[in-house]
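> For reference, the file model-v3.pdb (PDB, C-alpha atoms, pLDDT in the B column) is included below:
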```
ATOM      1  CA  MET A   3     133.028 -81.020 176.462  1.00 48.00           C
ATOM      2  CA  TYR A   4     129.977 -82.443 174.639  1.00 48.00           C
ATOM      3  CA  GLN A   5     128.373 -79.039 174.057  1.00 50.00           C
ATOM      4  CA  GLY A   6     127.789 -79.399 170.321  1.00 58.00           C
ATOM      5  CA  PHE A   7     128.674 -83.064 170.370  1.00 65.00           C
ATOM      6  CA  ALA A   8     125.420 -84.102 172.066  1.00 64.00           C
ATOM      7  CA  GLU A   9     123.361 -83.799 168.887  1.00 67.00           C
ATOM      8  CA  ILE A  10     125.455 -86.422 167.061  1.00 68.00           C
ATOM      9  CA  TYR A  11     126.515 -88.622 169.989  1.00 70.00           C
ATOM     10  CA  ASP A  12     123.922 -91.308 169.331  1.00 64.00           C
ATOM     11  CA  LYS A  13     124.887 -91.525 165.656  1.00 71.00           C
ATOM     12  CA  LEU A  14     128.473 -92.265 166.663  1.00 71.00           C
ATOM     13  CA  MET A  15     127.343 -94.830 169.229  1.00 70.00           C
ATOM     14  CA  ASP A  16     124.774 -96.611 167.070  1.00 73.00           C
ATOM     15  CA  ASP A  17     126.823 -99.813 167.172  1.00 76.00           C
ATOM     16  CA  VAL A  18     126.569-100.063 170.972  1.00 81.00           C
ATOM     17  CA  ASN A  19     124.052-102.660 172.149  1.00 92.00           C
ATOM     18  CA  TYR A  20     122.605-100.828 175.146  1.00 92.00           C
ATOM     19  CA  GLU A  21     120.110-103.624 175.788  1.00 95.00           C
ATOM     20  CA  SER A  22     123.002-106.028 176.377  1.00 96.00           C
ATOM     21  CA  TRP A  23     124.630-103.455 178.648  1.00 96.00           C
ATOM     22  CA  ALA A  24     121.376-103.085 180.610  1.00 97.00           C
ATOM     23  CA  ASP A  25     121.079-106.870 180.933  1.00 97.00           C
ATOM     24  CA  TYR A  26     124.662-107.146 182.185  1.00 97.00           C
ATOM     25  CA  TYR A  27     124.325-104.340 184.722  1.00 97.00           C
ATOM     26  CA  THR A  28     121.046-105.818 185.942  1.00 98.00           C
ATOM     27  CA  ARG A  29     122.838-109.130 186.510  1.00 97.00           C
ATOM     28  CA  LEU A  30     125.813-107.501 188.237  1.00 97.00           C
ATOM     29  CA  LEU A  31     123.600-105.370 190.477  1.00 98.00           C
ATOM     30  CA  SER A  32     121.643-108.465 191.474  1.00 97.00           C
ATOM     31  CA  ILE A  33     124.851-110.239 192.501  1.00 97.00           C
ATOM     32  CA  TYR A  34     125.635-107.257 194.705  1.00 96.00           C
ATOM     33  CA  GLY A  35     122.213-107.370 196.336  1.00 95.00           C
ATOM     34  CA  VAL A  36     120.418-104.722 194.266  1.00 97.00           C
ATOM     35  CA  LYS A  37     117.564-106.494 192.481  1.00 96.00           C
ATOM     36  CA  SER A  38     115.225-103.487 192.487  1.00 96.00           C
ATOM     37  CA  GLY A  39     115.058-100.001 193.948  1.00 97.00           C
ATOM     38  CA  LYS A  40     116.589 -96.612 193.266  1.00 98.00           C
ATOM     39  CA  ILE A  41     119.642 -96.121 191.080  1.00 98.00           C
ATOM     40  CA  CYS A  42     121.529 -92.978 190.134  1.00 98.00           C
ATOM     41  CA  GLU A  43     123.500 -93.206 186.901  1.00 98.00           C
ATOM     42  CA  CYS A  44     126.314 -90.663 186.797  1.00 98.00           C
ATOM     43  CA  ALA A  45     127.691 -89.511 183.431  1.00 96.00           C
ATOM     44  CA  CYS A  46     124.433 -90.786 181.939  1.00 96.00           C
ATOM     45  CA  GLY A  47     124.931 -88.972 178.633  1.00 92.00           C
ATOM     46  CA  THR A  48     121.901 -89.194 176.347  1.00 92.00           C
ATOM     47  CA  GLY A  49     120.221 -91.691 178.651  1.00 94.00           C
ATOM     48  CA  ASN A  50     120.291 -94.898 176.618  1.00 94.00           C
ATOM     49  CA  LEU A  51     121.332 -97.115 179.520  1.00 96.00           C
ATOM     50  CA  THR A  52     119.235 -95.111 181.993  1.00 97.00           C
ATOM     51  CA  LEU A  53     116.132 -95.885 179.968  1.00 97.00           C
ATOM     52  CA  GLY A  54     117.121 -99.528 179.564  1.00 97.00           C
ATOM     53  CA  LEU A  55     117.468-100.010 183.311  1.00 98.00           C
ATOM     54  CA  PHE A  56     114.167 -98.217 183.910  1.00 97.00           C
ATOM     55  CA  ARG A  57     112.473-100.737 181.618  1.00 96.00           C
ATOM     56  CA  ARG A  58     113.981-103.480 183.782  1.00 97.00           C
ATOM     57  CA  GLY A  59     112.184-102.181 186.867  1.00 97.00           C
ATOM     58  CA  PHE A  60     114.646 -99.782 188.500  1.00 98.00           C
ATOM     59  CA  GLN A  61     113.738 -96.281 189.653  1.00 97.00           C
ATOM     60  CA  MET A  62     116.302 -94.241 187.761  1.00 98.00           C
ATOM     61  CA  THR A  63     117.868 -90.805 188.119  1.00 98.00           C
ATOM     62  CA  GLY A  64     120.280 -89.589 185.456  1.00 98.00           C
ATOM     63  CA  VAL A  65     123.118 -87.200 186.313  1.00 98.00           C
ATOM     64  CA  ASP A  66     125.533 -85.588 183.875  1.00 96.00           C
ATOM     65  CA  LEU A  67     127.704 -82.493 183.701  1.00 94.00           C
ATOM     66  CA  SER A  68     126.512 -81.636 180.181  1.00 91.00           C
ATOM     67  CA  ARG A  69     123.205 -79.813 179.949  1.00 91.00           C
ATOM     68  CA  GLU A  70     123.031 -80.637 176.224  1.00 91.00           C
ATOM     69  CA  MET A  71     123.405 -84.379 176.817  1.00 91.00           C
ATOM     70  CA  LEU A  72     120.725 -84.242 179.515  1.00 95.00           C
ATOM     71  CA  TRP A  73     118.370 -82.434 177.139  1.00 93.00           C
ATOM     72  CA  GLN A  74     118.767 -85.252 174.625  1.00 92.00           C
ATOM     73  CA  ALA A  75     118.086 -87.816 177.367  1.00 94.00           C
ATOM     74  CA  ALA A  76     114.992 -85.975 178.595  1.00 95.00           C
ATOM     75  CA  GLN A  77     113.570 -85.790 175.066  1.00 93.00           C
ATOM     76  CA  LYS A  78     113.966 -89.548 174.635  1.00 93.00           C
ATOM     77  CA  ALA A  79     112.243 -90.245 177.945  1.00 95.00           C
ATOM     78  CA  ARG A  80     109.390 -87.860 177.102  1.00 95.00           C
ATOM     79  CA  LYS A  81     108.793 -89.486 173.708  1.00 94.00           C
ATOM     80  CA  GLN A  82     108.623 -92.904 175.376  1.00 93.00           C
ATOM     81  CA  GLY A  83     106.257 -91.673 178.077  1.00 94.00           C
ATOM     82  CA  ILE A  84     108.819 -92.338 180.795  1.00 94.00           C
ATOM     83  CA  ALA A  85     109.277 -90.068 183.820  1.00 93.00           C
ATOM     84  CA  ILE A  86     112.950 -89.971 184.808  1.00 96.00           C
ATOM     85  CA  PRO A  87     114.613 -86.984 186.497  1.00 96.00           C
ATOM     86  CA  PHE A  88     117.742 -85.895 184.629  1.00 97.00           C
ATOM     87  CA  VAL A  89     119.894 -83.609 186.771  1.00 97.00           C
ATOM     88  CA  GLN A  90     122.937 -81.504 185.914  1.00 97.00           C
ATOM     89  CA  GLN A  91     125.599 -82.248 188.532  1.00 97.00           C
ATOM     90  CA  ASP A  92     129.306 -82.902 188.754  1.00 97.00           C
ATOM     91  CA  MET A  93     129.712 -86.561 189.704  1.00 97.00           C
ATOM     92  CA  LYS A  94     132.582 -85.590 192.044  1.00 97.00           C
ATOM     93  CA  ALA A  95     130.076 -83.562 194.067  1.00 97.00           C
ATOM     94  CA  LEU A  96     127.059 -85.845 193.735  1.00 98.00           C
ATOM     95  CA  ASN A  97     124.283 -84.674 196.046  1.00 97.00           C
ATOM     96  CA  LEU A  98     120.982 -86.548 195.964  1.00 97.00           C
ATOM     97  CA  HIS A  99     117.871 -85.793 198.024  1.00 94.00           C
ATOM     98  CA  ARG A 100     117.704 -89.340 199.375  1.00 96.00           C
ATOM     99  CA  PRO A 101     120.143 -92.275 199.497  1.00 97.00           C
ATOM    100  CA  VAL A 102     119.919 -94.711 196.604  1.00 98.00           C
ATOM    101  CA  ASP A 103     120.442 -98.438 196.375  1.00 98.00           C
ATOM    102  CA  ALA A 104     123.207 -98.084 193.807  1.00 98.00           C
ATOM    103  CA  VAL A 105     125.273 -95.549 191.922  1.00 98.00           C
ATOM    104  CA  LEU A 106     126.457 -96.306 188.392  1.00 98.00           C
ATOM    105  CA  ALA A 107     129.007 -94.616 186.135  1.00 98.00           C
ATOM    106  CA  THR A 108     129.054 -96.243 182.711  1.00 94.00           C
ATOM    107  CA  CYS A 109     130.525 -95.973 179.219  1.00 92.00           C
ATOM    108  CA  ASP A 110     133.890 -94.470 180.249  1.00 95.00           C
ATOM    109  CA  GLY A 111     132.487 -91.889 182.670  1.00 96.00           C
ATOM    110  CA  VAL A 112     135.267 -92.604 185.183  1.00 98.00           C
ATOM    111  CA  ASN A 113     137.958 -92.293 182.483  1.00 98.00           C
ATOM    112  CA  TYR A 114     137.154 -88.582 182.258  1.00 96.00           C
ATOM    113  CA  LEU A 115     138.294 -88.121 185.874  1.00 98.00           C
ATOM    114  CA  LEU A 116     141.952 -87.265 185.304  1.00 98.00           C
ATOM    115  CA  LYS A 117     143.495 -87.008 188.785  1.00 97.00           C
ATOM    116  CA  ASP A 118     143.580 -89.279 191.820  1.00 98.00           C
ATOM    117  CA  GLU A 119     141.778 -86.648 193.878  1.00 98.00           C
ATOM    118  CA  ASP A 120     139.029 -86.413 191.233  1.00 98.00           C
ATOM    119  CA  LEU A 121     138.427 -90.151 191.297  1.00 98.00           C
ATOM    120  CA  LEU A 122     138.563 -90.295 195.086  1.00 98.00           C
ATOM    121  CA  GLY A 123     136.132 -87.360 195.171  1.00 98.00           C
ATOM    122  CA  PHE A 124     133.653 -89.291 193.055  1.00 98.00           C
ATOM    123  CA  PHE A 125     134.019 -92.445 195.143  1.00 98.00           C
ATOM    124  CA  ARG A 126     133.463 -90.498 198.360  1.00 98.00           C
ATOM    125  CA  ALA A 127     130.446 -88.688 196.911  1.00 98.00           C
ATOM    126  CA  ALA A 128     128.987 -91.996 195.743  1.00 98.00           C
ATOM    127  CA  HIS A 129     129.592 -93.521 199.198  1.00 98.00           C
ATOM    128  CA  ARG A 130     127.677 -90.649 200.848  1.00 98.00           C
ATOM    129  CA  ASN A 131     124.690 -91.122 198.552  1.00 98.00           C
ATOM    130  CA  ILE A 132     124.433 -94.925 198.677  1.00 98.00           C
ATOM    131  CA  ARG A 133     122.478 -96.531 201.485  1.00 98.00           C
ATOM    132  CA  PRO A 134     124.404 -98.947 203.741  1.00 98.00           C
ATOM    133  CA  GLY A 135     124.463-102.282 201.974  1.00 97.00           C
ATOM    134  CA  GLY A 136     124.120-100.666 198.559  1.00 98.00           C
ATOM    135  CA  ALA A 137     126.513-100.872 195.619  1.00 98.00           C
ATOM    136  CA  LEU A 138     128.739 -98.780 193.384  1.00 98.00           C
ATOM    137  CA  VAL A 139     129.138-100.216 189.874  1.00 98.00           C
ATOM    138  CA  PHE A 140     131.080 -98.659 187.020  1.00 98.00           C
ATOM    139  CA  ASP A 141     133.272 -99.447 184.048  1.00 98.00           C
ATOM    140  CA  VAL A 142     136.496 -98.117 182.556  1.00 98.00           C
ATOM    141  CA  SER A 143     138.309 -98.414 179.271  1.00 97.00           C
ATOM    142  CA  THR A 144     141.548-100.148 180.233  1.00 98.00           C
ATOM    143  CA  PRO A 145     145.150 -98.923 179.877  1.00 97.00           C
ATOM    144  CA  HIS A 146     145.592-101.470 177.082  1.00 97.00           C
ATOM    145  CA  LYS A 147     142.669-100.039 175.134  1.00 96.00           C
ATOM    146  CA  LEU A 148     143.618 -96.373 175.565  1.00 95.00           C
ATOM    147  CA  ARG A 149     147.336 -96.863 174.933  1.00 95.00           C
ATOM    148  CA  ASP A 150     147.466 -99.693 172.399  1.00 94.00           C
ATOM    149  CA  VAL A 151     144.114 -99.742 170.610  1.00 92.00           C
ATOM    150  CA  LEU A 152     142.781 -96.186 170.418  1.00 87.00           C
ATOM    151  CA  CYS A 153     146.211 -94.772 169.648  1.00 84.00           C
ATOM    152  CA  SER A 154     146.922 -97.181 166.806  1.00 73.00           C
ATOM    153  CA  GLY A 155     146.146 -94.649 164.075  1.00 75.00           C
ATOM    154  CA  LEU A 156     143.650 -92.235 162.552  1.00 81.00           C
ATOM    155  CA  MET A 157     140.039 -93.404 162.366  1.00 81.00           C
ATOM    156  CA  CYS A 158     137.467 -92.057 159.946  1.00 83.00           C
ATOM    157  CA  ASP A 159     134.034 -92.713 158.518  1.00 82.00           C
ATOM    158  CA  ASP A 160     131.832 -91.255 155.793  1.00 83.00           C
ATOM    159  CA  THR A 161     128.043 -91.570 155.793  1.00 81.00           C
ATOM    160  CA  GLU A 162     125.268 -89.847 153.904  1.00 81.00           C
ATOM    161  CA  ASP A 163     124.881 -87.044 156.419  1.00 82.00           C
ATOM    162  CA  MET A 164     128.191 -86.980 158.314  1.00 81.00           C
ATOM    163  CA  THR A 165     131.919 -87.414 157.796  1.00 86.00           C
ATOM    164  CA  TRP A 166     134.258 -87.652 160.754  1.00 81.00           C
ATOM    165  CA  LEU A 167     137.955 -87.953 161.531  1.00 88.00           C
ATOM    166  CA  TRP A 168     139.278 -89.178 164.889  1.00 86.00           C
ATOM    167  CA  GLY A 169     142.901 -88.997 165.943  1.00 90.00           C
ATOM    168  CA  ASN A 170     144.391 -89.851 169.354  1.00 92.00           C
ATOM    169  CA  SER A 171     147.710 -89.313 171.120  1.00 93.00           C
ATOM    170  CA  TRP A 172     149.007 -91.097 174.237  1.00 94.00           C
ATOM    171  CA  ASN A 173     150.875 -89.335 177.061  1.00 95.00           C
ATOM    172  CA  GLU A 174     152.818 -91.930 179.049  1.00 95.00           C
ATOM    173  CA  ARG A 175     153.745 -89.555 181.861  1.00 95.00           C
ATOM    174  CA  SER A 176     150.166 -88.571 182.707  1.00 96.00           C
ATOM    175  CA  ARG A 177     148.688 -91.911 181.583  1.00 96.00           C
ATOM    176  CA  THR A 178     146.157 -90.023 179.470  1.00 96.00           C
ATOM    177  CA  VAL A 179     144.993 -90.077 175.885  1.00 95.00           C
ATOM    178  CA  ASN A 180     144.009 -86.958 173.970  1.00 93.00           C
ATOM    179  CA  LEU A 181     141.071 -87.578 171.646  1.00 90.00           C
ATOM    180  CA  ASP A 182     140.636 -85.090 168.804  1.00 90.00           C
ATOM    181  CA  LEU A 183     137.545 -85.427 166.644  1.00 84.00           C
ATOM    182  CA  CYS A 184     136.479 -83.396 163.618  1.00 87.00           C
ATOM    183  CA  PHE A 185     132.980 -83.727 162.143  1.00 82.00           C
ATOM    184  CA  PHE A 186     131.420 -82.446 158.944  1.00 87.00           C
ATOM    185  CA  LEU A 187     127.620 -82.485 159.234  1.00 80.00           C
ATOM    186  CA  ARG A 188     125.471 -82.229 156.130  1.00 83.00           C
ATOM    187  CA  GLU A 189     122.807 -79.528 156.430  1.00 83.00           C
ATOM    188  CA  GLU A 190     119.414 -79.531 154.681  1.00 82.00           C
ATOM    189  CA  ASP A 191     120.697 -77.178 151.968  1.00 86.00           C
ATOM    190  CA  GLY A 192     123.561 -79.555 151.142  1.00 83.00           C
ATOM    191  CA  ARG A 193     126.303 -77.527 152.790  1.00 87.00           C
ATOM    192  CA  TYR A 194     128.470 -78.998 155.533  1.00 84.00           C
ATOM    193  CA  ARG A 195     128.929 -77.644 159.041  1.00 84.00           C
ATOM    194  CA  ARG A 196     132.255 -78.321 160.725  1.00 88.00           C
ATOM    195  CA  MET A 197     132.410 -79.281 164.406  1.00 82.00           C
ATOM    196  CA  GLU A 198     135.449 -80.118 166.537  1.00 85.00           C
ATOM    197  CA  GLU A 199     135.643 -81.941 169.846  1.00 84.00           C
ATOM    198  CA  HIS A 200     138.649 -82.410 172.144  1.00 88.00           C
ATOM    199  CA  GLN A 201     138.538 -84.846 175.051  1.00 88.00           C
ATOM    200  CA  VAL A 202     141.017 -86.366 177.492  1.00 95.00           C
ATOM    201  CA  GLN A 203     140.717 -89.739 179.209  1.00 96.00           C
ATOM    202  CA  ARG A 204     142.817 -91.224 182.002  1.00 98.00           C
ATOM    203  CA  ALA A 205     143.936 -94.850 182.036  1.00 98.00           C
ATOM    204  CA  TRP A 206     143.249 -96.197 185.520  1.00 98.00           C
ATOM    205  CA  ASP A 207     145.160 -99.289 186.645  1.00 98.00           C
ATOM    206  CA  GLN A 208     143.608-101.991 188.820  1.00 98.00           C
ATOM    207  CA  GLN A 209     145.662-101.257 191.920  1.00 98.00           C
ATOM    208  CA  THR A 210     144.758 -97.562 191.991  1.00 98.00           C
ATOM    209  CA  LEU A 211     141.079 -98.307 191.503  1.00 98.00           C
ATOM    210  CA  LYS A 212     141.096-100.772 194.405  1.00 98.00           C
ATOM    211  CA  GLU A 213     143.089 -98.504 196.731  1.00 98.00           C
ATOM    212  CA  LEU A 214     140.899 -95.453 196.145  1.00 98.00           C
ATOM    213  CA  LEU A 215     137.691 -97.451 196.556  1.00 98.00           C
ATOM    214  CA  TRP A 216     138.931 -98.715 199.929  1.00 98.00           C
ATOM    215  CA  ARG A 217     139.963 -95.217 200.991  1.00 98.00           C
ATOM    216  CA  ALA A 218     136.442 -94.023 200.161  1.00 98.00           C
ATOM    217  CA  GLY A 219     134.965 -96.724 202.405  1.00 98.00           C
ATOM    218  CA  PHE A 220     133.894 -99.368 199.891  1.00 98.00           C
ATOM    219  CA  ARG A 221     134.446-103.071 200.439  1.00 97.00           C
ATOM    220  CA  ALA A 222     133.966-106.350 198.511  1.00 97.00           C
ATOM    221  CA  VAL A 223     135.689-104.766 195.513  1.00 98.00           C
ATOM    222  CA  SER A 224     135.726-106.907 192.353  1.00 98.00           C
ATOM    223  CA  LEU A 225     136.985-106.208 188.833  1.00 98.00           C
ATOM    224  CA  TYR A 226     135.496-108.143 185.934  1.00 98.00           C
ATOM    225  CA  SER A 227     136.681-108.795 182.405  1.00 98.00           C
ATOM    226  CA  GLY A 228     134.410-107.092 179.891  1.00 93.00           C
ATOM    227  CA  MET A 229     130.739-107.980 180.270  1.00 94.00           C
ATOM    228  CA  SER A 230     131.460-111.202 182.118  1.00 97.00           C
ATOM    229  CA  LEU A 231     131.972-112.464 185.647  1.00 96.00           C
ATOM    230  CA  ASN A 232     135.548-113.530 184.943  1.00 98.00           C
ATOM    231  CA  ALA A 233     138.410-111.814 186.730  1.00 98.00           C
ATOM    232  CA  ALA A 234     139.815-108.722 185.008  1.00 98.00           C
ATOM    233  CA  ARG A 235     142.891-109.204 182.823  1.00 98.00           C
ATOM    234  CA  GLU A 236     145.504-106.699 181.695  1.00 97.00           C
ATOM    235  CA  GLU A 237     144.743-107.474 178.035  1.00 97.00           C
ATOM    236  CA  ASP A 238     141.051-106.586 178.401  1.00 98.00           C
ATOM    237  CA  GLN A 239     139.697-103.504 176.673  1.00 97.00           C
ATOM    238  CA  ARG A 240     137.076-102.850 179.357  1.00 98.00           C
ATOM    239  CA  TRP A 241     136.738-103.614 183.037  1.00 98.00           C
ATOM    240  CA  HIS A 242     133.540-103.558 185.044  1.00 98.00           C
ATOM    241  CA  ILE A 243     134.034-102.805 188.734  1.00 98.00           C
ATOM    242  CA  ALA A 244     131.640-103.390 191.609  1.00 98.00           C
ATOM    243  CA  ALA A 245     131.912-102.600 195.319  1.00 98.00           C
ATOM    244  CA  THR A 246     129.610-102.307 198.326  1.00 98.00           C
ATOM    245  CA  ARG A 247     129.054 -99.812 201.084  1.00 98.00           C
ATOM    246  CA  PRO A 248     129.154-101.978 204.232  1.00 97.00           C
ATOM    247  CA  ALA A 249     125.695-102.669 205.665  1.00 96.00           C
ATOM    248  CA  ASP A 250     126.825-102.053 209.252  1.00 93.00           C
ATOM    249  CA  GLU A 251     127.856 -98.418 208.763  1.00 85.00           C
TER     250      GLU A 251
END
```
Could you show the structure in this file as structure tokens?


Amino acid sequence: MYQGFAEIYDKLMDDVNYESWADYYTRLLSIYGVKSGKICECACGTGNLTLGLFRRGFQMTGVDLSREMLWQAAQKARKQGIAIPFVQQDMKALNLHRPVDAVLATCDGVNYLLKDEDLLGFFRAAHRNIRPGGALVFDVSTPHKLRDVLCSGLMCDDTEDMTWLWGNSWNERSRTVNLDLCFFLREEDGRYRRMEEHQVQRAWDQQTLKELLWRAGFRAVSLYSGMSLNAAREEDQRWHIAATRPADE
């Protein structure tokens, strides 16, 4: 996943306001007692949010499974004169040199964990790497979004240098959506290069998220509606979730 996709990821995500995301996560972290300090962002991708949080005063580490995505992130940081370590690790086996004040997993990172044991593995790994009193904060695309919005038909777009088609299919039994993308990238000589990407995301319900967070040792679990501080609703397209590692452990 993301091996050839990394080079065009930012073009597909150019409508995402990462500065607003960074502002929201800064606010949410502050509510959970993390106003400064060290943060590890899992599934950091090309580093847009990692860099945004660095500019807001946090000491950032970026972790991702894709070496290609990390390369893109490192190039951005270098061009901006920013020193951030970007590390290739599986978030389910997160292993940092020192505990951090918070662990993040943003922009659907948790949706790519397909089984209960995968999600519990990530929560337990995050718990081990967060200092007592620190926070775990992440987001998910909701069941409503994956089932009812993404799977509502074929999506496509045509720009000067790229044409893409995106089709999705929902599997009710596994609560997953298959995402199939096909890209045609215009080369310098005018010819087009074809690239295909297949991904799978899991729709996590509120109850499972809460239960697995508690099993991993987290407390003060809250689910928020979109980028707000309102309680999560079933009709939301995105939930933001925050929890703490108890300070007395």

> Could you state which residues are captured by the PyMOL selection byres ((chain A and resi 234) around 12) in this file, as a PDB file with C-alpha atoms, in the frame of the given file?


```pdb
ATOM      1  CA  ASP A 141     133.272 -99.447 184.048  1.00 98.00           C
ATOM      2  CA  VAL A 142     136.496 -98.117 182.556  1.00 98.00           C
ATOM      3  CA  SER A 143     138.309 -98.414 179.271  1.00 97.00           C
ATOM      4  CA  THR A 144     141.548-100.148 180.233  1.00 98.00           C
ATOM      5  CA  ASP A 207     145.160 -99.289 186.645  1.00 98.00           C
ATOM      6  CA  GLN A 208     143.608-101.991 188.820  1.00 98.00           C
ATOM      7  CA  GLN A 209     145.662-101.257 191.920  1.00 98.00           C
ATOM      8  CA  VAL A 223     135.689-104.766 195.513  1.00 98.00           C
ATOM      9  CA  SER A 224     135.726-106.907 192.353  1.00 98.00           C
ATOM     10  CA  LEU A 225     136.985-106.208 188.833  1.00 98.00           C
ATOM     11  CA  TYR A 226     135.496-108.143 185.934  1.00 98.00           C
ATOM     12  CA  SER A 227     136.681-108.795 182.405  1.00 98.00           C
ATOM     13  CA  GLY A 228     134.410-107.092 179.891  1.00 93.00           C
ATOM     14  CA  MET A 229     130.739-107.980 180.270  1.00 94.00           C
ATOM     15  CA  SER A 230     131.460-111.202 182.118  1.00 97.00           C
ATOM     16  CA  LEU A 231     131.972-112.464 185.647  1.00 96.00           C
ATOM     17  CA  ASN A 232     135.548-113.530 184.943  1.00 98.00           C
ATOM     18  CA  ALA A 233     138.410-111.814 186.730  1.00 98.00           C
ATOM     19  CA  ARG A 235     142.891-109.204 182.823  1.00 98.00           C
ATOM     20  CA  GLU A 236     145.504-106.699 181.695  1.00 97.00           C
ATOM     21  CA  GLU A 237     144.743-107.474 178.035  1.00 97.00           C
ATOM     22  CA  ASP A 238     141.051-106.586 178.401  1.00 98.00           C
ATOM     23  CA  GLN A 239     139.697-103.504 176.673  1.00 97.00           C
ATOM     24  CA  ARG A 240     137.076-102.850 179.357  1.00 98.00           C
ATOM     25  CA  TRP A 241     136.738-103.614 183.037  1.00 98.00           C
ATOM     26  CA  HIS A 242     133.540-103.558 185.044  1.00 98.00           C
ATOM     27  CA  ILE A 243     134.034-102.805 188.734  1.00 98.00           C
ATOM     28  CA  ALA A 244     131.640-103.390 191.609  1.00 98.00           C
TER      29      ALA A 244
END
```

> When you draw a straight line from atom CA of Arg69 of chain A to atom CA of Leu214 of chain A, how long is it in Å?

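Going from atom CA of Arg69 of chain A over to atom CA of Leu214 of chain A covers 28.6 Å.
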
> Quick one: of A:Lys37, A:Arg195, A:His99, A:Arg177, who's nearest to Leu115 of chain A, counting only C-alpha atoms?

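Under the stated criterion, the closest residue is A:Arg177.
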
> Counting all atoms listed in the file, what is within 12 Å of Leu14 of chain A, bar same-chain residues fewer than 6 positions away, as a VMD selection string?

chain A and resid 7 to 8 158 to 161 164 to 168 183 185

> Take every atom of segment 37-55 of chain A listed in the file, pad by 8 Å on each side, and give me the axis-aligned box centre and edge lengths in Å, one decimal, as AutoDock Vina command-line options.


```
--center_x 121.4 --center_y -97.7 --center_z 185.1 --size_x 28.6 --size_y 33.5 --size_z 33.6
```

> Report as a ChimeraX atom specification the full result of the PyMOL selection byres ((chain A and resi 249) around 9) when it is applied to this structure.

/A:133-136,246-248,250-251

> Please, which residues are within 12 Å of (141.4, -94.6, 200.2) by the file's coordinates, counting only C-alpha atoms, and could they come as a PyMOL selection string?

chain A and resi 118-119+121-126+129+209-221

> Can you tell me, as a PyMOL selection string, what residues are no more than 12 Å from Gly83 of chain A when counting only C-alpha atoms, ignoring any on the same chain fewer than 3 positions away?

chain A and resi 53+56-57+76-80+86

> So which residues touch Gln61 of chain A within 7 Å, counting all atoms listed in the file, skipping near sequence neighbours fewer than 4 positions away, as a ChimeraX atom specification?

/A:39-41,56

> Name every residue that the PyMOL selection byres ((chain A and resi 93) around 9) selects in this structure, writing the answer as a ChimeraX atom specification with chains first and numbers rising.

/A:44-45,65-67,91-92,94-97,107,123-124,127-128

> Restricting the calculation to all atoms listed in the file, which member of A:Leu30, A:Leu156, A:Cys46, A:Met197 is positioned closest to Val139 of chain A?

A:Leu30

> Give as JSON, numbers by chain each residue that has an atom at most 10 Å from (133.2, -76.3, 157.7) in the file, counting all atoms listed in the file.

{"A": [184, 185, 186, 187, 188, 193, 194, 195, 196, 197, 198]}

> Atom CA of Trp206 of chain A to atom CA of Pro101 of chain A: how many Å, to one decimal?

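These atoms are spaced 27.3 Å apart.
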
> Distance atom CA of Gly155 of chain A-atom CA of Tyr11 of chain A, one decimal place?

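Distance between the two atoms: 21.4 Å.
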
> Using only C-alpha atoms, which protein or nucleic acid residues come within 12 Å of Ser32 of chain A? Drop anything in the same chain fewer than 3 positions from it, and give the result as a list in words.

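Surrounding residues, per the criterion: Asp25, Tyr26, Tyr27, Thr28, Arg29, Gly35, Val36, Lys37, Ser38, Gly39, Arg58, Phe60, Asp103, Ala104, Gly136, Ala137, Val139 and Ala244 of chain A.
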
> Given all atoms listed in the file as the basis, pick out the residue of A:Gln74, A:Asn113, A:Ser154, A:Asn131 nearest to Thr178 of chain A.

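Selected residue with least distance to Thr178 of chain A: A:Asn113.
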